[in-house]
file work-v1.txt (compact mmCIF, C-alpha atoms and all ligand atoms)
# COMPACT_ATOMS: atom_id res chain seq x y z
CA MET A 1 3.04 -48.79 27.83
CA SER A 2 1.66 -50.14 31.09
CA LYS A 3 0.03 -47.50 33.26
CA ASN A 4 0.93 -49.39 36.43
CA VAL A 5 2.77 -47.15 38.88
CA LEU A 6 4.33 -48.64 42.00
CA VAL A 7 3.61 -46.16 44.80
CA THR A 8 5.74 -46.82 47.88
CA GLY A 9 4.21 -45.26 50.98
CA GLY A 10 0.98 -44.81 49.04
CA ALA A 11 -1.23 -45.05 52.14
CA GLY A 12 0.42 -41.98 53.70
CA TYR A 13 -0.60 -38.34 53.56
CA ILE A 14 0.86 -37.30 50.22
CA GLY A 15 0.69 -40.84 48.81
CA SER A 16 -3.07 -41.22 49.33
CA HIS A 17 -3.81 -37.87 47.66
CA THR A 18 -1.50 -38.81 44.81
CA CYS A 19 -3.32 -42.13 44.34
CA VAL A 20 -6.59 -40.22 43.80
CA GLU A 21 -5.00 -37.94 41.19
CA LEU A 22 -3.24 -40.87 39.49
CA ILE A 23 -6.50 -42.78 39.13
CA GLU A 24 -8.28 -39.70 37.84
CA ALA A 25 -5.54 -39.24 35.24
CA GLY A 26 -5.88 -42.85 34.05
CA PHE A 27 -2.90 -44.39 35.88
CA ASN A 28 -3.17 -47.55 37.96
CA PRO A 29 -1.41 -47.18 41.33
CA ILE A 30 0.01 -50.35 42.91
CA VAL A 31 0.58 -49.38 46.54
CA ILE A 32 3.13 -50.87 48.89
CA ASP A 33 3.17 -49.71 52.48
CA ASN A 34 4.17 -51.19 55.84
CA PHE A 35 1.55 -48.96 57.55
CA SER A 36 4.18 -47.74 60.04
CA ASN A 37 2.68 -44.25 59.79
CA SER A 38 -0.68 -44.89 58.14
CA SER A 39 -3.50 -47.39 57.90
CA SER A 40 -5.35 -49.14 55.11
CA VAL A 41 -8.39 -46.95 55.88
CA SER A 42 -6.83 -44.18 53.76
CA LEU A 43 -6.79 -46.57 50.79
CA GLU A 44 -10.42 -47.57 51.41
CA ARG A 45 -11.25 -43.85 51.27
CA VAL A 46 -9.30 -43.50 48.01
CA GLU A 47 -11.46 -46.31 46.62
CA GLU A 48 -14.58 -44.56 47.87
CA LEU A 49 -13.53 -41.26 46.22
CA THR A 50 -12.52 -42.73 42.88
CA GLY A 51 -14.90 -45.69 42.60
CA LYS A 52 -11.88 -47.87 41.70
CA LYS A 53 -10.31 -50.75 43.60
CA VAL A 54 -6.78 -49.93 44.75
CA CYS A 55 -4.27 -52.75 44.43
CA PHE A 56 -2.11 -52.81 47.54
CA TYR A 57 0.52 -55.02 49.13
CA GLU A 58 1.41 -54.72 52.80
CA GLY A 59 5.18 -54.91 53.21
CA ASP A 60 8.43 -53.05 53.66
CA VAL A 61 10.63 -51.44 51.00
CA ARG A 62 13.61 -52.96 52.82
CA ASP A 63 12.32 -56.46 52.05
CA ARG A 64 13.92 -57.42 48.74
CA GLN A 65 11.96 -60.64 48.34
CA PHE A 66 8.70 -58.79 48.88
CA LEU A 67 9.65 -56.19 46.25
CA ASP A 68 10.55 -58.90 43.73
CA THR A 69 7.23 -60.61 44.32
CA VAL A 70 5.29 -57.40 43.67
CA MET A 71 7.40 -56.38 40.68
CA GLN A 72 7.04 -59.83 39.11
CA ALA A 73 3.29 -59.99 39.76
CA GLU A 74 2.49 -56.55 38.33
CA GLU A 75 3.63 -55.03 35.07
CA ILE A 76 5.20 -51.95 36.66
CA ASP A 77 6.15 -49.07 34.36
CA SER A 78 7.39 -46.54 36.91
CA VAL A 79 7.81 -45.92 40.63
CA ILE A 80 6.86 -43.01 42.89
CA HIS A 81 8.92 -43.39 46.04
CA PHE A 82 7.23 -41.80 49.07
CA ALA A 83 8.02 -44.45 51.71
CA GLY A 84 10.21 -43.17 54.50
CA LEU A 85 10.30 -41.57 57.91
CA LYS A 86 9.86 -37.81 57.98
CA ALA A 87 10.06 -36.24 61.45
CA VAL A 88 13.10 -34.00 61.77
CA GLY A 89 13.27 -34.05 65.60
CA GLU A 90 12.86 -37.83 65.78
CA SER A 91 15.62 -38.24 63.18
CA VAL A 92 18.06 -36.51 65.54
CA GLU A 93 17.17 -38.98 68.31
CA LYS A 94 17.02 -42.08 66.09
CA PRO A 95 19.51 -41.52 63.27
CA LEU A 96 20.04 -45.23 62.59
CA GLU A 97 16.31 -45.86 62.17
CA TYR A 98 16.14 -42.95 59.72
CA TYR A 99 19.18 -44.00 57.71
CA ASP A 100 17.97 -47.59 57.63
CA ASN A 101 14.41 -46.79 56.58
CA ASN A 102 15.17 -43.98 54.18
CA ILE A 103 18.59 -44.75 52.72
CA SER A 104 18.79 -48.57 53.00
CA GLY A 105 15.14 -48.78 51.92
CA SER A 106 15.86 -46.68 48.84
CA ILE A 107 18.96 -48.67 47.87
CA ILE A 108 17.06 -51.96 48.15
CA LEU A 109 14.19 -50.49 46.11
CA PHE A 110 16.47 -49.10 43.34
CA ASN A 111 18.33 -52.43 43.12
CA ALA A 112 15.04 -54.29 42.79
CA MET A 113 13.92 -51.82 40.12
CA ARG A 114 17.10 -52.28 38.09
CA ASP A 115 16.97 -56.07 38.34
CA ASN A 116 13.32 -56.09 37.27
CA GLY A 117 13.92 -53.69 34.36
CA ILE A 118 12.09 -50.69 35.87
CA LYS A 119 14.05 -47.49 35.33
CA LYS A 120 11.61 -44.62 35.86
CA VAL A 121 11.42 -43.10 39.32
CA VAL A 122 9.92 -40.01 40.93
CA PHE A 123 11.42 -39.31 44.35
CA SER A 124 9.97 -37.28 47.26
CA SER A 125 12.68 -34.84 48.18
CA SER A 126 12.27 -31.73 50.25
CA ALA A 127 13.14 -28.05 50.42
CA THR A 128 15.14 -29.00 53.50
CA VAL A 129 18.02 -29.91 51.13
CA TYR A 130 18.60 -26.16 50.57
CA GLY A 131 19.56 -25.64 54.24
CA ASP A 132 19.49 -21.93 55.09
CA PRO A 133 19.44 -20.25 51.64
CA HIS A 134 21.46 -17.07 51.10
CA THR A 135 18.88 -15.51 48.79
CA LEU A 136 15.21 -15.97 47.93
CA PRO A 137 13.23 -17.27 46.14
CA ILE A 138 14.95 -20.68 46.08
CA LYS A 139 15.97 -22.02 42.69
CA GLU A 140 16.85 -25.65 41.95
CA ASP A 141 20.54 -24.88 41.35
CA PHE A 142 21.09 -23.38 44.83
CA PRO A 143 23.75 -25.01 47.04
CA LEU A 144 22.61 -28.04 49.01
CA SER A 145 23.19 -28.84 52.66
CA ALA A 146 21.58 -30.66 55.55
CA THR A 147 21.52 -30.04 59.27
CA ASN A 148 19.84 -33.20 60.58
CA PRO A 149 19.66 -36.94 59.76
CA TYR A 150 16.30 -36.58 57.98
CA GLY A 151 17.66 -33.89 55.67
CA ARG A 152 20.87 -35.82 55.14
CA SER A 153 18.86 -38.90 54.18
CA LYS A 154 17.07 -36.88 51.47
CA LEU A 155 20.34 -35.44 50.22
CA PHE A 156 22.00 -38.90 50.12
CA ILE A 157 19.09 -40.42 48.21
CA GLU A 158 19.20 -37.56 45.71
CA ASP A 159 22.96 -38.22 45.27
CA ILE A 160 22.36 -41.95 44.86
CA LEU A 161 19.77 -41.30 42.15
CA ARG A 162 22.04 -38.83 40.37
CA ASP A 163 24.84 -41.42 40.40
CA ILE A 164 22.51 -44.15 39.12
CA TYR A 165 21.54 -41.88 36.25
CA TYR A 166 25.17 -40.90 35.45
CA ALA A 167 26.09 -44.60 35.31
CA ASP A 168 23.13 -45.52 33.07
CA ASN A 169 21.31 -42.70 31.33
CA HIS A 170 18.46 -44.97 30.36
CA TRP A 171 17.14 -44.28 33.83
CA GLN A 172 14.57 -41.50 34.05
CA VAL A 173 14.81 -39.78 37.42
CA THR A 174 12.71 -36.89 38.70
CA LEU A 175 13.58 -35.38 42.07
CA LEU A 176 10.63 -33.38 43.39
CA ARG A 177 11.55 -30.97 46.16
CA TYR A 178 8.39 -30.23 48.12
CA PHE A 179 7.98 -27.04 50.09
CA ASN A 180 5.40 -27.24 52.95
CA PRO A 181 2.52 -29.59 52.06
CA VAL A 182 -0.79 -28.75 53.80
CA GLY A 183 -4.51 -29.16 53.22
CA ALA A 184 -6.59 -32.19 52.40
CA HIS A 185 -8.87 -33.55 49.69
CA LYS A 186 -11.90 -31.27 49.32
CA SER A 187 -14.24 -34.16 50.23
CA GLY A 188 -12.84 -34.20 53.78
CA ARG A 189 -12.37 -37.99 53.45
CA ILE A 190 -8.57 -38.12 53.28
CA GLY A 191 -6.04 -35.87 55.01
CA GLU A 192 -3.01 -35.75 57.26
CA ASP A 193 -3.24 -38.01 60.31
CA PRO A 194 -0.11 -37.68 62.47
CA ASN A 195 0.36 -40.53 64.97
CA ASP A 196 1.63 -38.40 67.85
CA ILE A 197 1.65 -34.74 68.77
CA PRO A 198 2.03 -33.03 65.39
CA ASN A 199 5.43 -31.48 64.66
CA ASN A 200 4.16 -29.46 61.75
CA LEU A 201 2.38 -26.16 62.03
CA ILE A 202 -0.93 -26.76 60.26
CA PRO A 203 -1.86 -30.11 61.87
CA PHE A 204 -1.09 -28.51 65.24
CA ILE A 205 -3.21 -25.41 64.52
CA ALA A 206 -6.03 -27.69 63.35
CA ARG A 207 -5.95 -29.55 66.67
CA VAL A 208 -6.04 -26.30 68.62
CA ALA A 209 -9.08 -25.32 66.54
CA VAL A 210 -10.95 -28.53 67.50
CA GLY A 211 -10.00 -28.07 71.15
CA GLN A 212 -7.50 -30.95 71.44
CA TYR A 213 -4.75 -28.53 72.47
CA GLU A 214 -5.15 -25.33 74.41
CA TYR A 215 -2.78 -23.15 72.39
CA LEU A 216 -0.17 -23.10 69.65
CA SER A 217 3.45 -22.45 70.60
CA VAL A 218 4.81 -20.07 67.98
CA PHE A 219 8.50 -20.90 67.67
CA GLY A 220 10.19 -17.50 67.66
CA GLY A 221 8.81 -13.97 67.29
CA ASP A 222 12.10 -12.22 66.55
CA TYR A 223 12.99 -13.44 63.07
CA ASP A 224 13.87 -10.91 60.39
CA THR A 225 10.44 -11.28 58.74
CA PRO A 226 7.49 -8.84 58.45
CA ASP A 227 5.87 -9.96 61.75
CA GLY A 228 8.88 -11.67 63.36
CA THR A 229 7.56 -15.25 62.85
CA GLY A 230 8.89 -17.84 60.39
CA VAL A 231 7.83 -17.64 56.74
CA ARG A 232 7.18 -20.75 54.60
CA ASP A 233 5.81 -21.69 51.20
CA TYR A 234 2.68 -23.73 52.01
CA ILE A 235 1.42 -25.84 49.14
CA HIS A 236 -1.93 -27.63 48.89
CA VAL A 237 -1.45 -31.41 48.94
CA VAL A 238 -3.76 -31.83 45.93
CA ASP A 239 -1.59 -29.45 43.89
CA LEU A 240 1.42 -31.45 45.04
CA ALA A 241 -0.27 -34.72 44.04
CA LYS A 242 -1.01 -33.31 40.59
CA GLY A 243 2.69 -32.47 40.27
CA HIS A 244 3.44 -36.21 40.50
CA VAL A 245 1.03 -36.96 37.68
CA LYS A 246 2.77 -34.30 35.57
CA ALA A 247 6.16 -35.81 36.43
CA LEU A 248 5.02 -39.24 35.18
CA GLN A 249 3.57 -37.72 32.03
CA ALA A 250 6.87 -35.89 31.44
CA PHE A 251 8.68 -39.27 31.26
CA GLU A 252 6.96 -39.75 27.91
CA LYS A 253 8.29 -36.48 26.45
CA ASP A 254 11.36 -36.90 24.27
CA ASP A 255 12.60 -33.32 24.52
CA LEU A 256 13.24 -33.35 28.29
CA ASP A 257 16.35 -34.39 30.21
CA ASN A 258 16.17 -37.81 31.83
CA LEU A 259 17.30 -36.32 35.14
CA LEU A 260 15.04 -33.54 36.38
CA THR A 261 15.12 -31.70 39.70
CA VAL A 262 12.04 -29.61 40.33
CA ASN A 263 10.73 -27.41 43.15
CA LEU A 264 7.06 -27.91 43.99
CA GLY A 265 5.97 -24.76 45.79
CA THR A 266 3.72 -21.78 45.18
CA GLY A 267 6.36 -19.03 45.27
CA GLN A 268 4.40 -17.27 48.02
CA GLY A 269 5.57 -17.07 51.63
CA TYR A 270 3.25 -16.84 54.65
CA SER A 271 4.23 -16.30 58.29
CA VAL A 272 3.08 -18.41 61.23
CA LEU A 273 0.72 -15.61 62.27
CA ASP A 274 -0.68 -15.36 58.71
CA MET A 275 -1.52 -19.05 58.99
CA VAL A 276 -3.14 -18.59 62.40
CA LYS A 277 -5.36 -15.80 61.03
CA ALA A 278 -6.29 -17.73 57.90
CA PHE A 279 -7.19 -20.79 59.97
CA GLU A 280 -9.31 -18.71 62.34
CA GLN A 281 -11.31 -17.52 59.33
CA SER A 282 -11.77 -21.03 57.93
CA SER A 283 -12.72 -22.65 61.24
CA GLY A 284 -14.58 -19.74 62.82
CA ASN A 285 -12.67 -20.55 66.02
CA GLU A 286 -10.08 -18.49 67.80
CA ILE A 287 -6.59 -20.02 67.76
CA ALA A 288 -4.83 -19.17 71.02
CA TYR A 289 -1.07 -18.89 70.72
CA LYS A 290 2.02 -18.06 72.74
CA ILE A 291 5.28 -16.89 71.30
CA VAL A 292 8.05 -19.10 72.69
CA GLU A 293 11.75 -19.73 71.96
CA ARG A 294 12.87 -20.45 68.42
CA ARG A 295 12.95 -24.16 67.52
CA ALA A 296 16.52 -25.44 67.02
CA GLY A 297 17.40 -25.79 63.36
CA ASP A 298 14.57 -23.59 62.02
CA ILE A 299 15.30 -20.89 59.46
CA ALA A 300 13.57 -17.52 59.09
CA THR A 301 12.25 -17.70 55.55
CA CYS A 302 11.85 -20.32 52.84
CA TYR A 303 9.92 -20.07 49.60
CA ALA A 304 10.33 -21.46 46.13
CA ASP A 305 10.90 -20.12 42.70
CA PRO A 306 8.37 -22.45 41.06
CA SER A 307 9.03 -21.33 37.46
CA TYR A 308 11.03 -24.40 36.42
CA ALA A 309 8.11 -26.69 37.31
CA LYS A 310 5.93 -24.68 34.96
CA GLU A 311 8.56 -24.79 32.22
CA VAL A 312 9.36 -28.52 32.29
CA LEU A 313 6.27 -30.13 33.80
CA GLY A 314 3.62 -27.61 32.76
CA TRP A 315 2.63 -27.55 36.45
CA GLN A 316 1.78 -24.74 38.80
CA ALA A 317 -0.04 -24.54 42.11
CA GLU A 318 -3.66 -23.49 41.75
CA ARG A 319 -4.99 -23.58 45.30
CA GLY A 320 -4.56 -20.58 47.58
CA LEU A 321 -4.27 -20.10 51.33
CA ARG A 322 -8.03 -20.02 51.94
CA GLU A 323 -8.56 -23.35 50.22
CA MET A 324 -5.64 -24.91 52.13
CA CYS A 325 -7.17 -23.90 55.46
CA ASP A 326 -10.81 -24.64 54.49
CA ASP A 327 -9.87 -28.14 53.32
CA THR A 328 -7.72 -28.86 56.38
CA TRP A 329 -10.57 -27.72 58.60
CA ARG A 330 -13.13 -29.89 56.80
CA TRP A 331 -10.87 -32.95 57.22
CA GLN A 332 -10.03 -32.18 60.85
CA SER A 333 -13.57 -31.36 61.97
CA GLN A 334 -15.09 -34.39 60.20
CA ASN A 335 -12.31 -36.73 61.42
CA PRO A 336 -11.18 -35.39 64.81
CA GLN A 337 -9.49 -38.74 65.58
CA GLY A 338 -8.10 -39.07 62.06
CA TYR A 339 -8.60 -42.52 60.53
CA ALA A 340 -8.75 -44.19 63.96
CA ALA A 341 -12.47 -43.50 64.35
P1 LIG B 401 3.61 -40.22 55.58
O1 LIG B 401 4.33 -40.70 56.79
O2 LIG B 401 2.18 -39.87 55.71
O3 LIG B 401 3.76 -41.29 54.41
C1 LIG B 401 4.86 -42.16 54.29
C2 LIG B 401 4.29 -43.57 54.12
O4 LIG B 401 5.39 -44.48 53.97
C3 LIG B 401 3.48 -44.05 55.32
O5 LIG B 401 2.25 -44.58 54.86
C4 LIG B 401 4.35 -45.12 55.96
O6 LIG B 401 3.57 -46.12 56.60
C5 LIG B 401 5.14 -45.63 54.77
N1 LIG B 401 6.45 -46.20 55.08
C6 LIG B 401 7.42 -45.67 55.86
N2 LIG B 401 8.50 -46.48 55.88
C7 LIG B 401 8.21 -47.54 55.08
C8 LIG B 401 8.92 -48.71 54.68
N3 LIG B 401 10.16 -48.94 55.13
N4 LIG B 401 8.31 -49.57 53.85
C9 LIG B 401 7.05 -49.35 53.40
N5 LIG B 401 6.34 -48.26 53.74
C10 LIG B 401 6.90 -47.37 54.56
O7 LIG B 401 4.44 -38.99 55.00
P2 LIG B 401 4.09 -37.96 53.84
O8 LIG B 401 3.90 -36.62 54.46
O9 LIG B 401 3.03 -38.51 52.97
O10 LIG B 401 5.48 -37.93 53.08
C11 LIG B 401 5.74 -38.74 51.95
C12 LIG B 401 7.17 -38.50 51.49
O11 LIG B 401 7.34 -37.11 51.20
C13 LIG B 401 8.22 -38.85 52.55
O12 LIG B 401 9.34 -39.43 51.89
C14 LIG B 401 8.59 -37.50 53.12
O13 LIG B 401 9.91 -37.49 53.61
C15 LIG B 401 8.46 -36.60 51.90
N6 LIG B 401 8.21 -35.20 52.26
C16 LIG B 401 7.17 -34.88 53.09
C17 LIG B 401 6.97 -33.56 53.45
C18 LIG B 401 5.85 -33.19 54.41
O14 LIG B 401 5.93 -32.14 55.01
N7 LIG B 401 4.81 -34.00 54.55
C19 LIG B 401 7.82 -32.54 52.95
C20 LIG B 401 8.85 -32.90 52.08
C21 LIG B 401 9.04 -34.24 51.74
N1 LIG B 402 5.94 -23.73 63.85
C1 LIG B 402 5.47 -23.14 65.03
N2 LIG B 402 4.84 -23.94 65.94
C2 LIG B 402 4.62 -25.27 65.75
C3 LIG B 402 5.10 -25.86 64.54
C4 LIG B 402 5.75 -25.06 63.62
O1 LIG B 402 5.64 -21.94 65.24
O2 LIG B 402 4.05 -25.94 66.63
C5 LIG B 402 6.59 -22.88 62.83
C6 LIG B 402 8.01 -23.28 62.50
O3 LIG B 402 8.93 -22.64 63.37
C7 LIG B 402 8.14 -22.81 61.04
C8 LIG B 402 6.73 -22.99 60.48
O4 LIG B 402 5.86 -23.03 61.63
O5 LIG B 402 8.43 -21.41 61.01
C9 LIG B 402 6.55 -24.27 59.68
O6 LIG B 402 7.01 -25.37 60.46
P1 LIG B 402 6.75 -26.88 60.01
O7 LIG B 402 7.32 -27.75 61.10
O8 LIG B 402 5.32 -27.08 59.67
O9 LIG B 402 7.59 -27.04 58.67
P2 LIG B 402 9.16 -26.86 58.37
O10 LIG B 402 9.25 -25.69 57.46
O11 LIG B 402 9.87 -26.68 59.66
O12 LIG B 402 9.51 -28.12 57.67

call {"tool": "encode", "arguments": {"input": "work-v1.txt", "output": "structure tokens"}}
result
Amino acid sequence: MSKNVLVTGGAGYIGSHTCVELIEAGFNPIVIDNFSNSSSVSLERVEELTGKKVCFYEGDVRDRQFLDTVMQAEEIDSVIHFAGLKAVGESVEKPLEYYDNNISGSIILFNAMRDNGIKKVVFSSSATVYGDPHTLPIKEDFPLSATNPYGRSKLFIEDILRDIYYADNHWQVTLLRYFNPVGAHKSGRIGEDPNDIPNNLIPFIARVAVGQYEYLSVFGGDYDTPDGTGVRDYIHVVDLAKGHVKALQAFEKDDLDNLLTVNLGTGQGYSVLDMVKAFEQSSGNEIAYKIVERRAGDIATCYADPSYAKEVLGWQAERGLREMCDDTWRWQSQNPQGYAA
């Protein structure tokens, strides 16, 4: 069996951390990325951390000829599909761009895989596909819904992959539903590097801590939660990356279904103010905040039941809140301009 794994979007935040874990587990990532939300510096840092050269091709998953070239040049065994656009607010303003990148890109990729005889795929889905859950913690068989184009794109791609599997059960499909990825590699060399003003909580808090922004706007203080602010299941990106390695290893197990849907979360919820306090401890800086209106589309509480991941993948999160904040702080303080510097 070839250990070559095609990693679409491998230069991005989760992709770069996954490349490190793949290499450490003996896999050989072949990265394709159009660098629309990343740069090749992240891959240079992956090389620095692992001491291995990373094979990468610059190009777009919507370019069928490009995909054929890569698939014919490399002996690809499986694919981890990260490439896509991910900002919820932007997806509402630019639905066509999101559907084109995420859905058309996935269809072109899956067609190229089939035609090149590659039938193992791990897909980056999201807890957003659960909409506003009626009960907690969230299990994989909960009803699915979407409230914005980004979420709908994830749901469509999940449906497409389920249909591909139903039509040909030689495919091996693992849908990983991530909760809230945070943190960075403990070296401080790779981390999350948003292009614009960060939409997500932790990158924003980190920029308040280094003085780039004056204060954090806390979106809503009147939710039905212990302190009134939103509760999420934050998961360390290195734990998440290790989940992908486990998903690839599970393809080789005969006793598992060929279609798996798995939550990757910790099972523990923290509020926005919990995160502010934890980050203050890690950074030693005060994080000023103001409670403002709720953000449209946000839900009060979201956390996983991660027990199925343990059962089928033998995976569970190992890194706690302190490590998530310490590692984010190390990355942010050592790279205040991200990879640009
Ligand atoms: P990211 O933006 O850092 O990484 C995505 C990578 O894909 C980038 O390097 C980008 O340049 C590349 N890319 C985008 N469109 C492409 C295309 N058409 N062709 C080739 N490359 C392309 O994002 P991330 O946080 O690493 O997320 C990775 C995946 O995980 C995404 O699919 C995202 O939707 C999903 N996800 C992320 C989160 C999160 O909070 N970060 C949560 C749930 C799911
Ligand atoms: N949040 C906030 N201020 C920000 C960004 C986020 O109060 O600047 C809150 C948001 O309302 C939610 C939590 O932080 O309760 C996590 O938001 P994020 O956008 O990181 O992830 P989501 O769960 O929305 O995908």

call {"tool": "closest_atom_pairs", "arguments": {"input": "work-v1.txt", "of": "chain A", "to": "ligand LIG 402 (chain B)", "cutoff": "10 Å", "atoms": "only C-alpha atoms and all ligand atoms", "output": "CSV"}}
result
residue,atom,partner,partner_atom,distance
A:Lys86,CA,B:LIG402,O12,9.7
A:Ala87,CA,B:LIG402,O7,8.9
A:Val88,CA,B:LIG402,O12,8.0
A:Gly89,CA,B:LIG402,O7,9.8
A:Ser126,CA,B:LIG402,O12,8.7
A:Ala127,CA,B:LIG402,O12,8.1
A:Thr128,CA,B:LIG402,O12,7.1
A:Tyr178,CA,B:LIG402,O12,9.8
A:Phe179,CA,B:LIG402,O10,7.6
A:Asn180,CA,B:LIG402,O9,6.1
A:Pro181,CA,B:LIG402,O8,8.5
A:Val182,CA,B:LIG402,O8,8.6
A:Ile197,CA,B:LIG402,O2,9.4
A:Pro198,CA,B:LIG402,O2,7.5
A:Asn199,CA,B:LIG402,O7,5.5
A:Asn200,CA,B:LIG402,O8,3.4
A:Leu201,CA,B:LIG402,C3,3.7
A:Ile202,CA,B:LIG402,O8,6.3
A:Pro203,CA,B:LIG402,O8,8.1
A:Phe204,CA,B:LIG402,O2,5.9
A:Ile205,CA,B:LIG402,O2,7.6
A:Tyr215,CA,B:LIG402,O2,9.4
A:Leu216,CA,B:LIG402,O2,5.9
A:Ser217,CA,B:LIG402,N2,5.1
A:Val218,CA,B:LIG402,O1,3.4
A:Phe219,CA,B:LIG402,O1,3.9
A:Gly220,CA,B:LIG402,O1,6.8
A:Gly221,CA,B:LIG402,O1,8.8
A:Tyr223,CA,B:LIG402,O5,9.4
A:Thr229,CA,B:LIG402,O5,6.5
A:Gly230,CA,B:LIG402,O5,3.7
A:Val231,CA,B:LIG402,O5,5.7
A:Arg232,CA,B:LIG402,O10,6.1
A:Asp233,CA,B:LIG402,O10,8.2
A:Tyr234,CA,B:LIG402,C9,8.6
A:Tyr270,CA,B:LIG402,C8,9.2
A:Ser271,CA,B:LIG402,O5,7.2
A:Val272,CA,B:LIG402,O4,5.4
A:Leu273,CA,B:LIG402,O1,8.5
A:Met275,CA,B:LIG402,O4,8.8
A:Val276,CA,B:LIG402,O1,9.8
A:Tyr289,CA,B:LIG402,N2,9.1
A:Lys290,CA,B:LIG402,O1,9.2
A:Ile291,CA,B:LIG402,O1,7.9
A:Val292,CA,B:LIG402,O1,8.3
A:Glu293,CA,B:LIG402,O1,9.3
A:Arg294,CA,B:LIG402,O3,6.8
A:Arg295,CA,B:LIG402,O3,6.0
A:Ala296,CA,B:LIG402,O3,8.9
A:Gly297,CA,B:LIG402,O11,8.4
A:Asp298,CA,B:LIG402,O3,5.9
A:Ile299,CA,B:LIG402,O5,7.1
A:Ala300,CA,B:LIG402,O5,6.7
A:Thr301,CA,B:LIG402,O5,7.6
A:Cys302,CA,B:LIG402,O10,7.5
A:Tyr303,CA,B:LIG402,O10,9.7

call {"tool": "closest_atom_pairs", "arguments": {"input": "work-v1.txt", "of": "chain A", "to": "ligand LIG 401 (chain B)", "cutoff": "9 Å", "atoms": "only C-alpha atoms and all ligand atoms", "output": "Markdown table"}}
result
| residue | atom | partner | partner_atom | distance |
| --- | --- | --- | --- | --- |
| A:Thr8 | CA | B:LIG401 | N5 | 6.1 |
| A:Gly9 | CA | B:LIG401 | O4 | 3.3 |
| A:Gly10 | CA | B:LIG401 | O5 | 6.0 |
| A:Ala11 | CA | B:LIG401 | O5 | 4.4 |
| A:Gly12 | CA | B:LIG401 | O5 | 3.4 |
| A:Tyr13 | CA | B:LIG401 | O9 | 3.7 |
| A:Ile14 | CA | B:LIG401 | O9 | 3.7 |
| A:Gly15 | CA | B:LIG401 | O9 | 5.3 |
| A:Ser16 | CA | B:LIG401 | O9 | 7.6 |
| A:His17 | CA | B:LIG401 | O9 | 8.7 |
| A:Ile32 | CA | B:LIG401 | C9 | 6.2 |
| A:Asp33 | CA | B:LIG401 | N5 | 3.7 |
| A:Asn34 | CA | B:LIG401 | C9 | 4.2 |
| A:Phe35 | CA | B:LIG401 | O6 | 3.6 |
| A:Ser36 | CA | B:LIG401 | O6 | 3.9 |
| A:Asn37 | CA | B:LIG401 | O6 | 3.8 |
| A:Ser38 | CA | B:LIG401 | O5 | 4.4 |
| A:Ser39 | CA | B:LIG401 | O5 | 7.1 |
| A:Ser40 | CA | B:LIG401 | O5 | 8.9 |
| A:Glu58 | CA | B:LIG401 | C9 | 7.8 |
| A:Gly59 | CA | B:LIG401 | C9 | 5.9 |
| A:Asp60 | CA | B:LIG401 | N4 | 3.5 |
| A:Val61 | CA | B:LIG401 | N4 | 4.1 |
| A:Arg62 | CA | B:LIG401 | N3 | 5.8 |
| A:Asp63 | CA | B:LIG401 | N4 | 8.2 |
| A:His81 | CA | B:LIG401 | O12 | 7.1 |
| A:Phe82 | CA | B:LIG401 | C12 | 4.1 |
| A:Ala83 | CA | B:LIG401 | O4 | 3.5 |
| A:Gly84 | CA | B:LIG401 | N2 | 4.0 |
| A:Leu85 | CA | B:LIG401 | C6 | 5.4 |
| A:Lys86 | CA | B:LIG401 | O13 | 4.4 |
| A:Ala87 | CA | B:LIG401 | O13 | 7.9 |
| A:Asp100 | CA | B:LIG401 | N3 | 8.3 |
| A:Asn101 | CA | B:LIG401 | N3 | 5.0 |
| A:Asn102 | CA | B:LIG401 | N3 | 7.1 |
| A:Ser104 | CA | B:LIG401 | N3 | 8.9 |
| A:Gly105 | CA | B:LIG401 | N3 | 5.9 |
| A:Ser106 | CA | B:LIG401 | N3 | 8.8 |
| A:Phe123 | CA | B:LIG401 | O12 | 7.8 |
| A:Ser124 | CA | B:LIG401 | O11 | 4.7 |
| A:Ser125 | CA | B:LIG401 | C21 | 5.1 |
| A:Ser126 | CA | B:LIG401 | C20 | 4.1 |
| A:Ala127 | CA | B:LIG401 | C20 | 6.7 |
| A:Thr128 | CA | B:LIG401 | C20 | 7.5 |
| A:Tyr150 | CA | B:LIG401 | O13 | 7.8 |
| A:Gly151 | CA | B:LIG401 | O13 | 8.8 |
| A:Lys154 | CA | B:LIG401 | O13 | 7.5 |
| A:Leu176 | CA | B:LIG401 | C21 | 8.5 |
| A:Arg177 | CA | B:LIG401 | C20 | 6.8 |
| A:Tyr178 | CA | B:LIG401 | C20 | 4.8 |
| A:Phe179 | CA | B:LIG401 | C19 | 6.2 |
| A:Asn180 | CA | B:LIG401 | O14 | 5.3 |
| A:Pro181 | CA | B:LIG401 | O14 | 5.2 |
| A:Val182 | CA | B:LIG401 | O14 | 7.6 |
| A:Glu192 | CA | B:LIG401 | O2 | 6.8 |
| A:Asp193 | CA | B:LIG401 | O2 | 7.3 |
| A:Pro194 | CA | B:LIG401 | O2 | 7.5 |
| A:Asn200 | CA | B:LIG401 | O14 | 7.5 |
| A:Val237 | CA | B:LIG401 | N7 | 8.8 |

call {"tool": "residues_around", "arguments": {"input": "work-v1.txt", "residues": "Val262 (chain A)", "least_positions_apart": "3", "cutoff": "9 Å", "atoms": "all atoms listed in the file", "output": "list in words"}}
result
Lys139, Glu140, Thr174, Leu175, Leu176, Arg177, Tyr178, Pro306, Tyr308, Ala309, Val312 and Leu313 of chain A

call {"tool": "residues_around", "arguments": {"input": "work-v1.txt", "residues": "Asp115 (chain A)", "least_positions_apart": "2", "cutoff": "12 Å", "atoms": "all atoms listed in the file", "output": "VMD selection string"}}
result
chain A and resid 64 67 to 68 71 to 72 108 to 113 117 to 119
